[in-house]
Structure formats: structure tokens, C-alpha cells
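Scroll down for the structure; my scribbles are underneath it.
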Amino acid sequence: CVVVKNFNQTLVDSGLFRSLIDPSPWRDTQTRVVEGLRLGKMLGKKLQIRGEERLLKNTRLKSGRIDKRLVAELGFNNENVFHNIDVEKYPDGFLHISLDASGSMSGKSFDNSLTCAIAIIQAVDMIPNFDVVFSLRGTQDSGDLPVIMYAYDSRVDKITKIRKLFRYLHCGSTTPEGLCFEAVMKSIINDSKGKDSYFVNYSDGMPMFGNNDIEYYHAGAIRHTKSQVDSMRRNGIKILSYFISGGYESERESADFK
């Protein structure tokens, strides 16, 4: 599996990974970018409480700092004249959003999923103690290898990158779900240690991929993908997985996804 860590203008201009990047988008893809940023700012204002600290004062204790308001009670043999202040704040957070860039996602499914992801990225950018990574999953142009591309990492990227480059993001691959998850599993687990951690997945189909060396389909691919998701859960990462439906999937497909 190819892991692309740096999505930038040079990569766009190179013409590589055309299954994930369209150097000359023929649609008005910037509209979904602008809408995502707008929604994200609205969401971010509501979530900023997560970056705030709360002070809780405990008084009438037997030890701590003297509470000046209770000093007079020492004359009445009351020794509980101390207090302390507890600082409560949310732990640091980490979120990895991964988007299925298979060809069947093209159109509204991809547009709406990308708009949603951009909104979350923008909102998280407004929270001081929360990091977010956004990746796309697909295959090389030749289809020979799975690819997962890190399109955004709040620890190194600025929000302006979304406005400049996300209009080039594109979907035109197969669905090597678990293979891509496994390729970056160590990174996801390391990034999540000691934090409130979440993995958000957008997908519209079953895991599938094939080349001259591997056939990754049906029950085997489903079991392997499940094992990768279970590995995240065992490491304390909470999973939110969204099945992007066009209304044509079978009950079996929906059940397998769950």
C-alpha cells in the first residue's frame, strides 16, 4: 500500500495519483469547499467550550491553602479553614477522518462527504487542544497498489490549504478499505495515545481490490477490514462509520458493513 504523506501543489501539478487528484477539475468543485468551511465555522463556535477550563473551589478542608473568609472561625476551634482549587479541562483530542475515493462515490456522495469532512476539519481547527487528520483511500492510477493519501494534518497544515487545494480532490478507484487502514495503523495508534481519539470513516461499498498478487474480495476482505477496526477499538479509539447510500444496496451489503 502506497502512503502519501504530503498532498501539495507540486503533487497536483505532477499528474500522479489521478484516481485521487484531478489537476483540471471540470466541475465547480470549489463550491463544496466554501460550503464546508462555512458550516465548519458555525460548528466550531459551538465546540469551543471543549477548549475551556473550569475551576472548582473546594472549601472547609483540613489542609490546603488558608481560606481568608474562614480565618475568624479559628477562634471557635474550627480547624477546617483551608481550600483548594481543582482545574477541570477536557483531555487533548485526536480525530482521523478517512474518505472512500472509489469511483462509485462520484457525484453527490463524494461532494457531500467531502463538504462534511471539511466542516469538521474547520471546526476542530477552532479548538486549541484537538488535532485532525484527513485521508483519502483508493488505488494507483494503474490499479496495481492501494493508496492512502493524507490530504490534511492540522499539526503541520494551515486551514488555507483546504481553500487552495481541496478542489482538486477526486474519486476514481476501487475500495481497498482494510489494506489502507493496516498501512497507517501504527501511525493512528501512536497519534491517539493519551488522547480522546476518534476514527471517522465514510464509505459506500464493500472492501474490494485485486492485482496479480492478491484477491481482496467478499468475506475475506470483510474479515480483514473488521480486524483493523477492532484493533483501533482495542487501543481506545472510538469508531464512527458512515455508509453512504444511494438506495440500491442490498440488506446483506448493509449488514456486512455494520
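By order in the C-alpha cells, chains are A, B, ...; within a chain, residues start at 1; ligands start at 1, following the order shown.
For A:Arg234, the set of protein, DNA and RNA residues having any atom at most 12 Å away, when counting only C-alpha atoms and skipping those fewer than 3 positions along the same chain, is A:Ile189, A:Ser192, A:Lys193, A:Ser197, A:Ser227, A:Gln228, A:Val229, A:Asp230, A:Ser231, A:Ile237, A:Lys238, A:Ile239.
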Would you export the selected residues with N, CA and C atoms as a PDB file, in the first residue's frame, please?
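Dumped to result00.pdb:
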ATOM      1  N   ILE A 189      -2.560   4.718  15.883  1.00  0.00           N
ATOM      2  CA  ILE A 189      -2.495   4.341  17.299  1.00  0.00           C
ATOM      3  C   ILE A 189      -1.527   5.243  18.056  1.00  0.00           C
ATOM      4  N   SER A 192      -2.902   8.626  18.753  1.00  0.00           N
ATOM      5  CA  SER A 192      -4.060   8.611  19.642  1.00  0.00           C
ATOM      6  C   SER A 192      -3.709   8.404  21.109  1.00  0.00           C
ATOM      7  N   LYS A 193      -2.500   8.015  21.408  1.00  0.00           N
ATOM      8  CA  LYS A 193      -2.130   7.671  22.777  1.00  0.00           C
ATOM      9  C   LYS A 193      -2.360   8.836  23.739  1.00  0.00           C
ATOM     10  N   SER A 197      -9.735   9.918  21.368  1.00  0.00           N
ATOM     11  CA  SER A 197      -9.426   9.640  19.969  1.00  0.00           C
ATOM     12  C   SER A 197     -10.618   9.052  19.227  1.00  0.00           C
ATOM     13  N   SER A 227     -10.958  -6.702  11.342  1.00  0.00           N
ATOM     14  CA  SER A 227      -9.832  -6.881  12.264  1.00  0.00           C
ATOM     15  C   SER A 227      -9.074  -5.575  12.477  1.00  0.00           C
ATOM     16  N   GLN A 228      -8.984  -4.745  11.435  1.00  0.00           N
ATOM     17  CA  GLN A 228      -8.295  -3.468  11.561  1.00  0.00           C
ATOM     18  C   GLN A 228      -9.100  -2.495  12.431  1.00  0.00           C
ATOM     19  N   VAL A 229     -10.406  -2.487  12.226  1.00  0.00           N
ATOM     20  CA  VAL A 229     -11.262  -1.627  13.037  1.00  0.00           C
ATOM     21  C   VAL A 229     -11.244  -2.083  14.496  1.00  0.00           C
ATOM     22  N   ASP A 230     -11.275  -3.390  14.717  1.00  0.00           N
ATOM     23  CA  ASP A 230     -11.208  -3.927  16.082  1.00  0.00           C
ATOM     24  C   ASP A 230      -9.895  -3.543  16.753  1.00  0.00           C
ATOM     25  N   SER A 231      -8.816  -3.498  15.990  1.00  0.00           N
ATOM     26  CA  SER A 231      -7.516  -3.102  16.540  1.00  0.00           C
ATOM     27  C   SER A 231      -7.567  -1.667  17.059  1.00  0.00           C
ATOM     28  N   ILE A 237      -9.698   3.767  20.644  1.00  0.00           N
ATOM     29  CA  ILE A 237     -10.178   4.708  19.624  1.00  0.00           C
ATOM     30  C   ILE A 237     -11.656   4.441  19.364  1.00  0.00           C
ATOM     31  N   LYS A 238     -12.455   5.492  19.417  1.00  0.00           N
ATOM     32  CA  LYS A 238     -13.889   5.357  19.148  1.00  0.00           C
ATOM     33  C   LYS A 238     -14.131   5.443  17.645  1.00  0.00           C
ATOM     34  N   ILE A 239     -15.035   4.599  17.142  1.00  0.00           N
ATOM     35  CA  ILE A 239     -15.269   4.474  15.704  1.00  0.00           C
ATOM     36  C   ILE A 239     -16.628   5.045  15.327  1.00  0.00           C
TER      37      ILE A 239
END
For this session: Quick one: pick out all helix (DSSP H, G or I) residues within stretch 5-251 of chain A from a backbone DSSP run and write them as a PyMOL selection string.
Result: chain A and resi 9-14+30-51+68-76+103-105+108-125+160-168+177-183+185-192+218-234+251
Quick one: residues within 8 Å of stretch 16-26 of chain A, only C-alpha atoms, excluding same-chain residues fewer than 5 positions away - as a compact mmCIF listing (two decimals) with N, CA and C atoms, in the first residue's frame?
# COMPACT_ATOMS: atom_id res chain seq x y z
N LEU A 11 2.44 18.03 -5.98
CA LEU A 11 1.84 16.73 -6.28
C LEU A 11 0.69 16.88 -7.27
N ALA A 101 -12.49 6.93 -1.72
CA ALA A 101 -12.41 7.64 -3.00
C ALA A 101 -12.62 6.68 -4.17
N LEU A 136 -7.64 10.13 2.18
CA LEU A 136 -8.46 9.51 1.15
C LEU A 136 -7.86 8.16 0.80
N GLY A 138 -7.75 4.88 -1.91
CA GLY A 138 -8.02 4.50 -3.29
C GLY A 138 -6.94 3.59 -3.82
N THR A 139 -6.65 3.71 -5.11
CA THR A 139 -5.63 2.89 -5.75
C THR A 139 -4.77 3.75 -6.66
N GLN A 140 -3.59 3.22 -7.01
CA GLN A 140 -2.75 3.88 -8.01
C GLN A 140 -3.50 3.97 -9.33
N ASP A 141 -3.05 4.89 -10.19
CA ASP A 141 -3.71 5.06 -11.49
C ASP A 141 -3.77 3.75 -12.26
N ARG A 167 -10.11 21.56 -3.94
CA ARG A 167 -10.93 21.50 -5.15
C ARG A 167 -10.38 20.47 -6.15
N TYR A 168 -9.15 20.04 -5.96
CA TYR A 168 -8.55 19.06 -6.85
C TYR A 168 -8.85 17.61 -6.43
N LEU A 169 -9.38 17.41 -5.24
CA LEU A 169 -9.63 16.05 -4.76
C LEU A 169 -10.70 15.39 -5.61
N HIS A 170 -10.52 14.09 -5.83
CA HIS A 170 -11.30 13.39 -6.85
C HIS A 170 -11.46 11.93 -6.41
N CYS A 171 -12.45 11.24 -6.96
CA CYS A 171 -12.60 9.82 -6.65
C CYS A 171 -12.70 9.01 -7.94
N GLY A 172 -11.90 7.95 -8.02
CA GLY A 172 -11.92 7.12 -9.22
C GLY A 172 -11.15 5.82 -9.03
N SER A 173 -11.39 5.16 -7.88
CA SER A 173 -10.60 3.98 -7.53
C SER A 173 -11.51 2.81 -7.20
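Counting only C-alpha atoms and comparing A:Ile148, A:Leu43, A:Met126, A:Ala219, the residue that lies closest to A:Glu182 is A:Ile148.
For the choices A:Tyr150, A:Phe94, A:Phe110, A:Phe181, the atom-to-atom distance to A:Val124 is smallest for A:Phe94 when using only C-alpha atoms.
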Problem set entry | Among the residues A:Leu99, A:Ala221, A:Ile162, A:Ile66, the one that comes closest to A:Phe82 [using only C-alpha atoms] |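 Among the listed residues, A:Ile66 lies closest to A:Phe82.
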Problem set entry | Minimum-distance residue to A:Gly107, chosen among A:Asp144, A:Asp196, A:Asp28, A:Glu253 (using only C-alpha atoms) | A:Asp28
Exercise. A:Cys1, A:Ile188, A:Ile244, A:Val156: which is nearest A:Asn112, counting only C-alpha atoms?
Worked result: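 Checking each of A:Cys1, A:Ile188, A:Ile244, A:Val156 against A:Asn112, counting only C-alpha atoms, the winner is A:Ile244.
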For this session: Can you pull out every residue within 8 Å of A:Ala183, counting only C-alpha atoms, but drop anything in the same chain fewer than 3 positions away, and send it as an MDAnalysis selection string?
Result: chainID A and resid 1 3 179:180 186
Go ahead and dump the residues you just picked, all heavy atoms, as a PDB file, in the first residue's frame.
ATOM      1  N   CYS A   1       0.844  -1.186   0.000  1.00  0.00           N
ATOM      2  CA  CYS A   1       0.000   0.000   0.000  1.00  0.00           C
ATOM      3  C   CYS A   1       0.885   1.243   0.000  1.00  0.00           C
ATOM      4  O   CYS A   1       1.808   1.360   0.806  1.00  0.00           O
ATOM      5  CB  CYS A   1      -0.910   0.007   1.235  1.00  0.00           C
ATOM      6  SG  CYS A   1      -2.046   1.418   1.289  1.00  0.00           S
ATOM      7  N   VAL A   3       1.600   4.999   0.826  1.00  0.00           N
ATOM      8  CA  VAL A   3       1.151   6.019   1.772  1.00  0.00           C
ATOM      9  C   VAL A   3       1.724   7.362   1.328  1.00  0.00           C
ATOM     10  O   VAL A   3       2.938   7.539   1.293  1.00  0.00           O
ATOM     11  CB  VAL A   3       1.606   5.696   3.212  1.00  0.00           C
ATOM     12  CG1 VAL A   3       1.137   6.784   4.174  1.00  0.00           C
ATOM     13  CG2 VAL A   3       1.077   4.337   3.646  1.00  0.00           C
ATOM     14  N   LEU A 179      -6.877  -2.757   3.787  1.00  0.00           N
ATOM     15  CA  LEU A 179      -5.473  -2.692   3.379  1.00  0.00           C
ATOM     16  C   LEU A 179      -4.900  -1.308   3.658  1.00  0.00           C
ATOM     17  O   LEU A 179      -3.761  -1.165   4.112  1.00  0.00           O
ATOM     18  CB  LEU A 179      -5.339  -3.035   1.895  1.00  0.00           C
ATOM     19  CG  LEU A 179      -5.791  -4.435   1.479  1.00  0.00           C
ATOM     20  CD1 LEU A 179      -5.730  -4.578  -0.042  1.00  0.00           C
ATOM     21  CD2 LEU A 179      -4.938  -5.507   2.152  1.00  0.00           C
ATOM     22  N   CYS A 180      -5.710  -0.273   3.400  1.00  0.00           N
ATOM     23  CA  CYS A 180      -5.277   1.101   3.676  1.00  0.00           C
ATOM     24  C   CYS A 180      -5.222   1.359   5.173  1.00  0.00           C
ATOM     25  O   CYS A 180      -4.293   2.007   5.678  1.00  0.00           O
ATOM     26  CB  CYS A 180      -6.216   2.094   3.002  1.00  0.00           C
ATOM     27  SG  CYS A 180      -6.112   2.107   1.197  1.00  0.00           S
ATOM     28  N   LYS A 186      -0.227   1.817  12.731  1.00  0.00           N
ATOM     29  CA  LYS A 186       0.727   2.212  13.769  1.00  0.00           C
ATOM     30  C   LYS A 186       0.693   3.719  13.985  1.00  0.00           C
ATOM     31  O   LYS A 186       0.746   4.205  15.122  1.00  0.00           O
ATOM     32  CB  LYS A 186       2.143   1.760  13.397  1.00  0.00           C
ATOM     33  CG  LYS A 186       2.365   0.260  13.518  1.00  0.00           C
ATOM     34  CD  LYS A 186       3.804  -0.106  13.209  1.00  0.00           C
ATOM     35  CE  LYS A 186       4.030  -1.619  13.333  1.00  0.00           C
ATOM     36  NZ  LYS A 186       5.443  -1.979  13.010  1.00  0.00           N
TER      37      LYS A 186
END
